[in-house]
>>> print(open('start.pdb').read())   # PDB, C-alpha atoms
ATOM      1  CA  MET T1040      -4.815 -15.001  16.715
ATOM      2  CA  TRP T1041      -2.499 -13.357  19.225
ATOM      3  CA  ASP T1042       0.846 -11.854  18.256
ATOM      4  CA  THR T1043       3.605 -10.635  20.553
ATOM      5  CA  GLN T1044       5.450  -8.824  17.753
ATOM      6  CA  GLU T1045       5.132  -5.123  16.979
ATOM      7  CA  GLU T1046       2.877  -4.328  14.047
ATOM      8  CA  PRO T1047       4.933  -4.384  10.816
ATOM      9  CA  HIS T1048       4.364  -0.891   9.492
ATOM     10  CA  LYS T1049       6.630   1.066  11.824
ATOM     11  CA  THR T1050       9.552  -1.224  11.021
ATOM     12  CA  ARG T1051       8.979  -1.131   7.259
ATOM     13  CA  ARG T1052       8.539   2.650   7.284
ATOM     14  CA  LYS T1053      11.909   3.039   8.993
ATOM     15  CA  LEU T1054      13.630   0.729   6.497
ATOM     16  CA  ILE T1055      12.073   2.442   3.480
ATOM     17  CA  LEU T1056      12.985   5.928   4.677
ATOM     18  CA  GLN T1057      16.565   4.826   5.305
ATOM     19  CA  LYS T1058      16.833   3.683   1.693
ATOM     20  CA  TYR T1059      14.519   6.235   0.049
ATOM     21  CA  PRO T1060      14.464   9.439   2.143
ATOM     22  CA  GLU T1061      12.928  11.255  -0.826
ATOM     23  CA  ILE T1062       9.596   9.612   0.007
ATOM     24  CA  LYS T1063       9.157  12.329   2.619
ATOM     25  CA  ASN T1064       8.646  14.694  -0.317
ATOM     26  CA  LEU T1065       5.302  12.946  -0.878
ATOM     27  CA  TYR T1066       3.996  13.997   2.548
ATOM     28  CA  GLY T1067       1.302  16.654   2.592
ATOM     29  CA  TYR T1068      -2.189  17.192   1.273
ATOM     30  CA  CYS T1069      -3.847  16.605  -2.084
ATOM     31  CA  PRO T1070      -5.475  19.736  -3.541
ATOM     32  CA  TRP T1071      -7.860  17.672  -5.685
ATOM     33  CA  THR T1072      -9.673  15.969  -2.797
ATOM     34  CA  LYS T1073     -12.047  18.851  -2.117
ATOM     35  CA  TYR T1074     -13.159  18.888  -5.761
ATOM     36  CA  LYS T1075     -13.799  15.137  -5.819
ATOM     37  CA  VAL T1076     -15.839  15.435  -2.635
ATOM     38  CA  GLY T1077     -17.769  18.400  -4.033
ATOM     39  CA  PHE T1078     -18.620  16.540  -7.236
ATOM     40  CA  THR T1079     -19.749  13.460  -5.308
ATOM     41  CA  LEU T1080     -21.925  15.562  -3.012
ATOM     42  CA  ALA T1081     -23.567  17.359  -5.928
ATOM     43  CA  ALA T1082     -24.267  14.087  -7.748
ATOM     44  CA  HIS T1083     -25.582  12.358  -4.617
ATOM     45  CA  PHE T1084     -27.958  15.164  -3.695
ATOM     46  CA  GLY T1085     -29.026  15.380  -7.333
ATOM     47  CA  LEU T1086     -29.986  11.701  -7.314
ATOM     48  CA  ALA T1087     -31.774  12.123  -3.983
ATOM     49  CA  TYR T1088     -33.907  14.857  -5.532
ATOM     50  CA  TYR T1089     -34.487  12.882  -8.744
ATOM     51  CA  LEU T1090     -35.580   9.737  -6.896
ATOM     52  CA  ARG T1091     -37.812  11.434  -4.346
ATOM     53  CA  ASP T1092     -40.955  10.461  -6.326
ATOM     54  CA  LYS T1093     -39.645   7.049  -7.444
ATOM     55  CA  MET T1094     -39.257   5.353  -4.075
ATOM     56  CA  PHE T1095     -38.723   1.581  -4.089
ATOM     57  CA  THR T1096     -39.253   1.231  -7.820
ATOM     58  CA  THR T1097     -36.891  -0.902  -9.876
ATOM     59  CA  GLU T1098     -35.168   2.290 -11.018
ATOM     60  CA  PHE T1099     -34.778   3.386  -7.394
ATOM     61  CA  TRP T1100     -33.053   0.133  -6.383
ATOM     62  CA  LEU T1101     -30.767   0.009  -9.418
ATOM     63  CA  ILE T1102     -29.642   3.612  -9.032
ATOM     64  CA  SER T1103     -29.303   3.259  -5.263
ATOM     65  CA  TYR T1104     -27.069   0.196  -5.549
ATOM     66  CA  PHE T1105     -24.906   0.980  -8.566
ATOM     67  CA  LEU T1106     -24.588   4.756  -8.162
ATOM     68  CA  GLY T1107     -25.833   5.824  -4.744
ATOM     69  CA  ALA T1108     -24.103   3.154  -2.667
ATOM     70  CA  THR T1109     -20.883   3.611  -4.639
ATOM     71  CA  MET T1110     -20.943   7.347  -3.947
ATOM     72  CA  THR T1111     -21.760   6.784  -0.288
ATOM     73  CA  HIS T1112     -18.838   4.409   0.095
ATOM     74  CA  SER T1113     -16.626   6.849  -1.769
ATOM     75  CA  LEU T1114     -17.616   9.451   0.824
ATOM     76  CA  PHE T1115     -16.818   6.993   3.631
ATOM     77  CA  LEU T1116     -13.328   6.794   2.191
ATOM     78  CA  ALA T1117     -13.119  10.521   1.516
ATOM     79  CA  ILE T1118     -13.755  11.012   5.232
ATOM     80  CA  HIS T1119     -11.050   8.438   5.926
ATOM     81  CA  GLU T1120      -8.657  10.476   3.772
ATOM     82  CA  ILE T1121      -9.676  13.770   5.375
ATOM     83  CA  THR T1122      -9.377  12.223   8.850
ATOM     84  CA  HIS T1123      -5.616  12.150   8.237
ATOM     85  CA  TYR T1124      -5.770  15.863   7.342
ATOM     86  CA  LEU T1125      -4.818  15.147   3.743
ATOM     87  CA  ALA T1126      -7.242  17.503   1.973
ATOM     88  CA  PHE T1127      -5.955  20.840   3.303
ATOM     89  CA  GLU T1128      -2.891  22.073   5.130
ATOM     90  CA  LYS T1129      -4.941  23.419   8.054
ATOM     91  CA  PRO T1130      -6.738  20.889  10.293
ATOM     92  CA  LEU T1131      -9.788  23.170  10.636
ATOM     93  CA  TYR T1132     -10.426  23.165   6.891
ATOM     94  CA  ASN T1133     -10.171  19.377   6.847
ATOM     95  CA  LYS T1134     -12.747  19.110   9.630
ATOM     96  CA  ILE T1135     -15.158  21.405   7.807
ATOM     97  CA  LEU T1136     -14.805  19.458   4.552
ATOM     98  CA  ALA T1137     -15.332  16.178   6.398
ATOM     99  CA  MET T1138     -18.583  17.456   7.892
ATOM    100  CA  PHE T1139     -19.828  18.290   4.400
ATOM    101  CA  ALA T1140     -18.743  14.854   3.137
ATOM    102  CA  ASN T1141     -20.710  13.382   6.057
ATOM    103  CA  LEU T1142     -24.007  14.929   4.906
ATOM    104  CA  PRO T1143     -25.378  12.181   2.565
ATOM    105  CA  ILE T1144     -24.551   9.563   5.194
ATOM    106  CA  CYS T1145     -27.370  11.146   7.264
ATOM    107  CA  LEU T1146     -25.898  10.251  10.662
ATOM    108  CA  PRO T1147     -23.035  12.292  12.185
ATOM    109  CA  TYR T1148     -19.971  10.129  12.401
ATOM    110  CA  PHE T1149     -16.895  11.992  11.158
ATOM    111  CA  VAL T1150     -15.639  13.182  14.538
ATOM    112  CA  ALA T1151     -16.173   9.816  16.228
ATOM    113  CA  PHE T1152     -14.575   8.016  13.300
ATOM    114  CA  ARG T1153     -11.459  10.178  13.455
ATOM    115  CA  GLY T1154     -10.853   9.288  17.087
ATOM    116  CA  TYR T1155     -11.320   5.568  16.523
ATOM    117  CA  HIS T1156      -9.319   5.545  13.308
ATOM    118  CA  MET T1157      -6.296   7.288  14.795
ATOM    119  CA  GLU T1158      -6.262   4.574  17.471
ATOM    120  CA  HIS T1159      -6.440   1.938  14.737
ATOM    121  CA  HIS T1160      -3.163   3.342  13.362
ATOM    122  CA  THR T1161      -1.338   3.951  16.622
ATOM    123  CA  GLN T1162      -2.552   0.803  18.408
ATOM    124  CA  MET T1163      -3.171  -1.549  15.494
ATOM    125  CA  GLY T1164      -4.606  -4.859  16.645
ATOM    126  CA  VAL T1165      -4.541  -3.943  20.331
ATOM    127  CA  ASP T1166      -7.426  -5.633  22.086
ATOM    128  CA  GLY T1167      -9.920  -3.158  23.565
ATOM    129  CA  ILE T1168      -8.472  -0.153  21.699
ATOM    130  CA  ASP T1169      -8.490  -0.980  17.981
ATOM    131  CA  THR T1170     -12.239  -1.121  17.345
ATOM    132  CA  ASP T1171     -11.648  -2.407  13.821
ATOM    133  CA  LEU T1172     -11.270  -5.823  15.473
ATOM    134  CA  PRO T1173     -14.423  -7.965  15.744
ATOM    135  CA  THR T1174     -15.500  -8.627  19.312
ATOM    136  CA  GLN T1175     -15.424 -12.048  20.932
ATOM    137  CA  LEU T1176     -19.226 -12.161  20.658
ATOM    138  CA  GLU T1177     -19.120 -11.515  16.895
ATOM    139  CA  ALA T1178     -16.466 -14.187  16.427
ATOM    140  CA  ASN T1179     -18.495 -16.718  18.414
ATOM    141  CA  LEU T1180     -21.796 -16.005  16.674
ATOM    142  CA  PHE T1181     -20.736 -15.561  13.049
ATOM    143  CA  GLY T1182     -18.160 -18.258  12.348
ATOM    144  CA  SER T1183     -20.386 -20.491  10.203
ATOM    145  CA  ILE T1184     -21.214 -19.866   6.549
ATOM    146  CA  LEU T1185     -24.690 -18.638   7.481
ATOM    147  CA  GLY T1186     -23.198 -16.518  10.234
ATOM    148  CA  LYS T1187     -20.676 -14.983   7.870
ATOM    149  CA  LEU T1188     -23.451 -14.296   5.339
ATOM    150  CA  PHE T1189     -25.282 -12.346   8.040
ATOM    151  CA  PHE T1190     -22.064 -10.633   9.122
ATOM    152  CA  CYS T1191     -21.196  -9.516   5.581
ATOM    153  CA  CYS T1192     -24.770  -8.482   4.820
ATOM    154  CA  ASN T1193     -24.717  -6.172   7.842
ATOM    155  CA  MET T1194     -21.072  -5.097   7.925
ATOM    156  CA  ILE T1195     -22.000  -1.427   8.075
ATOM    157  CA  LEU T1196     -23.999  -1.994  11.265
ATOM    158  CA  PHE T1197     -21.168  -3.873  12.969
ATOM    159  CA  TYR T1198     -18.612  -1.242  12.004
ATOM    160  CA  ALA T1199     -20.893   1.591  13.136
ATOM    161  CA  LEU T1200     -22.082   0.110  16.435
ATOM    162  CA  ARG T1201     -19.081  -1.921  17.625
ATOM    163  CA  PRO T1202     -16.892   1.049  18.668
ATOM    164  CA  MET T1203     -19.601   2.452  20.945
ATOM    165  CA  PHE T1204     -19.700  -0.799  22.910
ATOM    166  CA  VAL T1205     -15.976  -1.572  22.905
ATOM    167  CA  LYS T1206     -14.623   1.895  23.703
ATOM    168  CA  PRO T1207     -17.191   4.680  24.191
ATOM    169  CA  GLN T1208     -15.835   8.150  23.465
ATOM    170  CA  LYS T1209     -16.144  11.291  25.503
ATOM    171  CA  PHE T1210     -18.567  13.677  23.801
ATOM    172  CA  THR T1211     -16.579  16.767  22.805
ATOM    173  CA  LEU T1212     -17.394  20.166  21.361
ATOM    174  CA  TRP T1213     -16.463  18.859  17.892
ATOM    175  CA  HIS T1214     -18.906  15.994  18.299
ATOM    176  CA  ALA T1215     -21.549  18.640  19.036
ATOM    177  CA  TYR T1216     -20.575  20.623  15.922
ATOM    178  CA  ASN T1217     -20.811  17.451  13.815
ATOM    179  CA  TRP T1218     -24.227  16.552  15.226
ATOM    180  CA  ALA T1219     -25.615  20.100  14.928
ATOM    181  CA  PHE T1220     -24.454  20.593  11.346
ATOM    182  CA  GLN T1221     -25.636  17.145  10.273
ATOM    183  CA  PHE T1222     -29.112  17.226  11.777
ATOM    184  CA  SER T1223     -29.818  20.843  10.836
ATOM    185  CA  SER T1224     -28.825  20.080   7.244
ATOM    186  CA  MET T1225     -31.032  16.975   7.158
ATOM    187  CA  ALA T1226     -33.889  19.069   8.577
ATOM    188  CA  LEU T1227     -33.512  21.445   5.639
ATOM    189  CA  VAL T1228     -33.630  18.505   3.221
ATOM    190  CA  VAL T1229     -36.864  17.285   4.832
ATOM    191  CA  TYR T1230     -38.361  20.789   4.831
ATOM    192  CA  PHE T1231     -37.728  21.441   1.137
ATOM    193  CA  TRP T1232     -37.791  17.916  -0.373
ATOM    194  CA  GLY T1233     -39.618  15.746   2.145
ATOM    195  CA  TRP T1234     -38.488  12.536   3.849
ATOM    196  CA  ASN T1235     -37.865  10.436   0.742
ATOM    197  CA  PRO T1236     -34.333  11.753   0.070
ATOM    198  CA  ILE T1237     -33.427  10.815   3.658
ATOM    199  CA  VAL T1238     -34.727   7.293   3.031
ATOM    200  CA  TYR T1239     -32.645   7.157  -0.163
ATOM    201  CA  PHE T1240     -29.489   8.189   1.713
ATOM    202  CA  LEU T1241     -30.089   5.613   4.468
ATOM    203  CA  VAL T1242     -30.713   2.864   1.914
ATOM    204  CA  CYS T1243     -27.432   3.800   0.238
ATOM    205  CA  ASP T1244     -25.672   3.627   3.612
ATOM    206  CA  TYR T1245     -26.871   0.080   4.121
ATOM    207  CA  LEU T1246     -26.150  -1.095   0.575
ATOM    208  CA  ALA T1247     -22.686   0.497   0.626
ATOM    209  CA  GLY T1248     -21.740  -1.564   3.668
ATOM    210  CA  SER T1249     -23.353  -4.827   2.623
ATOM    211  CA  PHE T1250     -22.873  -7.038  -0.442
ATOM    212  CA  HIS T1251     -21.308  -4.244  -2.475
ATOM    213  CA  PRO T1252     -17.908  -4.477  -4.214
ATOM    214  CA  MET T1253     -16.619  -1.434  -2.357
ATOM    215  CA  ALA T1254     -17.449  -3.052   0.996
ATOM    216  CA  GLY T1255     -14.885  -5.748   0.301
ATOM    217  CA  HIS T1256     -12.170  -3.440   1.603
ATOM    218  CA  PHE T1257     -13.552  -3.902   5.147
ATOM    219  CA  LEU T1258     -12.405  -7.513   4.952
ATOM    220  CA  ALA T1259      -9.495  -7.183   2.536
ATOM    221  CA  GLU T1260      -7.436  -4.779   4.608
ATOM    222  CA  HIS T1261      -6.625  -6.765   7.741
ATOM    223  CA  TYR T1262      -8.252 -10.204   7.811
ATOM    224  CA  VAL T1263      -5.521 -12.852   7.736
ATOM    225  CA  PHE T1264      -5.961 -14.682   4.443
ATOM    226  CA  VAL T1265      -2.271 -15.663   4.378
ATOM    227  CA  LYS T1266      -0.630 -16.661   7.647
ATOM    228  CA  GLY T1267       1.982 -14.197   8.787
ATOM    229  CA  TYR T1268       0.491 -11.158   7.028
ATOM    230  CA  GLU T1269      -2.046  -8.843   8.632
ATOM    231  CA  THR T1270      -2.363  -6.039   6.068
ATOM    232  CA  TYR T1271      -3.115  -6.461   2.358
ATOM    233  CA  SER T1272      -3.121  -4.073  -0.575
ATOM    234  CA  TYR T1273      -5.513  -4.054  -3.514
ATOM    235  CA  TYR T1274      -4.375  -2.347  -6.716
ATOM    236  CA  GLY T1275      -7.536  -2.666  -8.816
ATOM    237  CA  LEU T1276      -9.832  -0.191 -10.552
ATOM    238  CA  LEU T1277     -12.113   0.458  -7.587
ATOM    239  CA  ASN T1278      -9.339   2.569  -6.096
ATOM    240  CA  ILE T1279     -10.563   5.284  -8.481
ATOM    241  CA  PHE T1280     -13.600   5.730  -6.229
ATOM    242  CA  ALA T1281     -11.801   4.831  -2.998
ATOM    243  CA  TYR T1282      -9.056   7.476  -2.749
ATOM    244  CA  ASN T1283      -6.566   4.638  -3.249
ATOM    245  CA  VAL T1284      -7.368   3.121   0.136
ATOM    246  CA  GLY T1285      -6.610  -0.194  -1.563
ATOM    247  CA  TYR T1286      -2.926   0.716  -1.255
ATOM    248  CA  HIS T1287      -3.341  -0.275   2.347
ATOM    249  CA  ASN T1288       0.154  -1.452   3.220
ATOM    250  CA  GLU T1289       1.460   1.771   1.745
ATOM    251  CA  HIS T1290      -1.160   3.770   3.674
ATOM    252  CA  HIS T1291      -0.295   2.215   7.030
ATOM    253  CA  ASP T1292       3.402   2.631   6.328
ATOM    254  CA  PHE T1293       2.932   6.303   5.408
ATOM    255  CA  PRO T1294      -0.369   7.703   6.750
ATOM    256  CA  ARG T1295       0.848  11.249   6.083
ATOM    257  CA  ILE T1296       0.879  10.644   2.312
ATOM    258  CA  PRO T1297      -2.433  11.253   0.487
ATOM    259  CA  GLY T1298      -4.024   8.440  -1.477
ATOM    260  CA  SER T1299      -3.290  10.142  -4.774
ATOM    261  CA  ARG T1300       0.453   9.706  -4.145
ATOM    262  CA  LEU T1301       0.478   6.220  -2.622
ATOM    263  CA  PRO T1302       1.140   4.583  -6.039
ATOM    264  CA  LEU T1303       4.401   6.544  -6.081
ATOM    265  CA  VAL T1304       5.387   4.954  -2.780
ATOM    266  CA  ARG T1305       4.974   1.523  -4.329
ATOM    267  CA  LYS T1306       6.819   2.620  -7.468
ATOM    268  CA  ILE T1307       9.793   4.022  -5.549
ATOM    269  CA  ALA T1308      10.048   1.234  -2.954
ATOM    270  CA  ASN T1309       8.634  -1.597  -5.043
ATOM    271  CA  GLU T1310      10.925  -4.250  -3.557
ATOM    272  CA  PHE T1311       9.186  -3.725  -0.188
ATOM    273  CA  TYR T1312       5.699  -4.315  -1.604
ATOM    274  CA  ASP T1313       5.710  -6.494  -4.720
ATOM    275  CA  ASP T1314       6.318  -9.736  -2.829
ATOM    276  CA  LEU T1315       3.634  -9.115  -0.199
ATOM    277  CA  PRO T1316       0.332 -11.017  -0.606
ATOM    278  CA  GLN T1317      -2.197  -8.894  -2.498
ATOM    279  CA  VAL T1318      -5.968  -8.840  -2.815
ATOM    280  CA  LYS T1319      -7.001  -9.110  -6.464
ATOM    281  CA  SER T1320     -10.732  -8.397  -6.041
ATOM    282  CA  TRP T1321     -12.753  -6.816  -3.259
ATOM    283  CA  SER T1322     -15.874  -8.657  -4.451
ATOM    284  CA  MET T1323     -14.112 -12.024  -4.331
ATOM    285  CA  THR T1324     -12.760 -11.169  -0.904
ATOM    286  CA  ILE T1325     -16.333 -11.123   0.428
ATOM    287  CA  PHE T1326     -17.069 -14.434  -1.328
ATOM    288  CA  ASN T1327     -13.873 -16.049  -0.056
ATOM    289  CA  PHE T1328     -14.441 -14.854   3.495
ATOM    290  CA  ILE T1329     -17.901 -16.405   3.536
ATOM    291  CA  PHE T1330     -17.095 -19.737   1.912
ATOM    292  CA  PHE T1331     -13.511 -20.449   3.034
ATOM    293  CA  THR T1332     -14.037 -22.503   6.163
ATOM    294  CA  HIS T1333     -10.772 -21.339   7.730
ATOM    295  CA  MET T1334     -11.875 -17.689   7.518
ATOM    296  CA  THR T1335     -13.987 -16.351  10.393
ATOM    297  CA  PRO T1336     -14.179 -13.145  12.451
ATOM    298  CA  TYR T1337     -11.386 -14.770  14.494
ATOM    299  CA  SER T1338      -9.062 -14.304  11.497
ATOM    300  CA  ARG T1339      -7.465 -11.136  12.798
ATOM    301  CA  VAL T1340      -4.176 -10.439  14.547
ATOM    302  CA  LYS T1341      -4.597  -9.197  18.101
ATOM    303  CA  ARG T1342      -2.069  -7.742  20.539
ATOM    304  CA  HIS T1343      -1.987  -6.824  24.183
ATOM    305  CA  LEU T1344      -1.328  -3.198  25.040
ATOM    306  CA  LYS T1345       2.355  -2.812  25.844
ATOM    307  CA  SER T1346       3.053  -1.322  29.246
ATOM    308  CA  LYS T1347       5.095   1.859  29.163
TER     309      LYS T1347
END
>>> encode(input="start.pdb", output="structure tokens")
Amino acid sequence: MWDTQEEPHKTRRKLILQKYPEIKNLYGYCPWTKYKVGFTLAAHFGLAYYLRDKMFTTEFWLISYFLGATMTHSLFLAIHEITHYLAFEKPLYNKILAMFANLPICLPYFVAFRGYHMEHHTQMGVDGIDTDLPTQLEANLFGSILGKLFFCCNMILFYALRPMFVKPQKFTLWHAYNWAFQFSSMALVVYFWGWNPIVYFLVCDYLAGSFHPMAGHFLAEHYVFVKGYETYSYYGLLNIFAYNVGYHNEHHDFPRIPGSRLPLVRKIANEFYDDLPQVKSWSMTIFNFIFFTHMTPYSRVKRHLKSK
């Protein structure tokens, strides 16, 4: 659905700062992020070691889904947080932490993700630039219930592969650093522990971006469930593992505020947020997307790039 209006976040940010200039005091980094990432990494690698001789058992699948995939998705969202340079004051330290957070995901993606995600913020909904938008081919193929089942089952693949087809990036020195650190680290895992931990990590990648409660945020953030609104916040318990990415209106309004302080934005400027449509459940968002006939990959707001 095409829109000729400017995305709403710039306008709301200006209005909020006019009324509550003290919100700028929330800008900056969160000192706790590095510890949360470190704990998640230690737990994830610990499970990879523990499960190396239990491959594809019932215990393997239960742990992979309920713990491993949750930690993997938490690391996806840690990288999202760090992409905005919200873990340290210096950009270099953020980049280094993000490359460590990338490790259990097995494939190097932090640097590429940062480029695409910054464009998602600065050119939200712009066709051919915002790679968060499904392509015309996806919308044509996956509009039925069966199509949406396939789409949701494989969301991680669409989100990983789509940007490379829509808007390929130039390979930079930081891409090379990301690739070198990732693959050399995975080589060490294989050398000391064998291939099974790598299989565990890849299984967790897939489960984390499939029919998993955390994956509901892919759909909840910007699919148009209520006409006239293109961004939705979720204030539920899963934000504990998601660096408060559920506060998505607040995040787009103030991307320089870390997730840990986004609830304060809502508390201070509550009259700007309380009446906006909200997502109550990420799990139900997946269900509703599949079975509501009016919801398809077409259910996104698109814009043309404005000429300068």
>>> residues_around(input="start.pdb", residues="region 1220-1222 of chain T", least_positions_apart="6", cutoff="9 Å", atoms="all atoms listed in the file", output="ChimeraX atom specification")
/T:1138-1139,1141-1142,1145-1147
>>> resolve_selection(input="start.pdb", expression="the PyMOL selection byres ((chain T and resi 1194) around 12)", output="ChimeraX atom specification")
/T:1171,1173,1177,1181,1186-1193,1195-1201,1244-1251,1253-1258,1325,1336
>>> closest_residue(input="start.pdb", among="T:Arg1342, T:Asn1064, T:Tyr1239, T:Pro1302", to="Ile1102 (chain T)", atoms="all atoms listed in the file")
T:Tyr1239
>>> residues_around(input="start.pdb", residues="His1291 (chain T)", least_positions_apart="3", cutoff="9 Å", atoms="only C-alpha atoms", output="JSON, numbers by chain")
{"T": [1048, 1049, 1052, 1160, 1270, 1286, 1287, 1288, 1294]}
>>> atom_distance(input="start.pdb", atom1="CA of Ala1151 (chain T)", atom2="CA of Gln1208 (chain T)")
7.4 Å
>>> axis_aligned_box(input="start.pdb", around="region 1315-1325 of chain T", padding_each_side="6 Å", output="AutoDock Vina command-line options")
--center_x -6.3 --center_y -9.4 --center_z -3.0 --size_x 32.0 --size_y 17.2 --size_z 18.9
>>> closest_residue(input="start.pdb", among="T:Ala1281, T:Met1163, T:Ile1307, T:Leu1185", to="Gln1044 (chain T)", atoms="all atoms listed in the file")
T:Met1163
>>> resolve_selection(input="start.pdb", expression="the PyMOL selection byres ((chain T and resi 1321) around 6)", output="CSV table (one decimal) with C-alpha atoms, in the frame of the given file")
chain,number,residue,atom,x,y,z
T,1252,PRO,CA,-17.9,-4.5,-4.2
T,1255,GLY,CA,-14.9,-5.7,0.3
T,1256,HIS,CA,-12.2,-3.4,1.6
T,1320,SER,CA,-10.7,-8.4,-6.0
T,1322,SER,CA,-15.9,-8.7,-4.5
T,1323,MET,CA,-14.1,-12.0,-4.3
T,1324,THR,CA,-12.8,-11.2,-0.9
>>> closest_residue(input="start.pdb", among="T:Ile1055, T:Ala1140, T:Val1318, T:Leu1065", to="Gly1077 (chain T)", atoms="all atoms listed in the file")
T:Ala1140
>>> atom_distance(input="start.pdb", atom1="CA of Thr1043 (chain T)", atom2="CA of Lys1266 (chain T)")
14.9 Å
>>> resolve_selection(input="start.pdb", expression="the PyMOL selection byres ((chain T and resi 1045) around 12)", output="list in words")
Trp1041, Asp1042, Thr1043, Gln1044, Glu1046, Pro1047, His1048, Lys1049, Thr1050, Arg1051, Thr1161, Gln1162, Met1163, Gly1164, Val1165, Glu1269, Val1340, Lys1341, Arg1342, His1343, Leu1344 and Lys1345 of chain T
>>> atom_distance(input="start.pdb", atom1="CA of Asn1217 (chain T)", atom2="CA of Lys1134 (chain T)")
9.2 Å
>>> closest_residue(input="start.pdb", among="T:Val1265, T:Met1225, T:Ile1121, T:Ile1135", to="Leu1315 (chain T)", atoms="all atoms listed in the file")
T:Val1265
>>> residues_around(input="start.pdb", residues="region 1079-1086 of chain T", least_positions_apart="3", cutoff="7 Å", atoms="all atoms listed in the file", output="NGL selection string")
:T and (1075-1076 or 1089-1090 or 1107 or 1110 or 1140)
>>> closest_residue(input="start.pdb", among="T:Tyr1066, T:Phe1149, T:Phe1264, T:Tyr1312", to="Tyr1216 (chain T)", atoms="all atoms listed in the file")
T:Phe1149
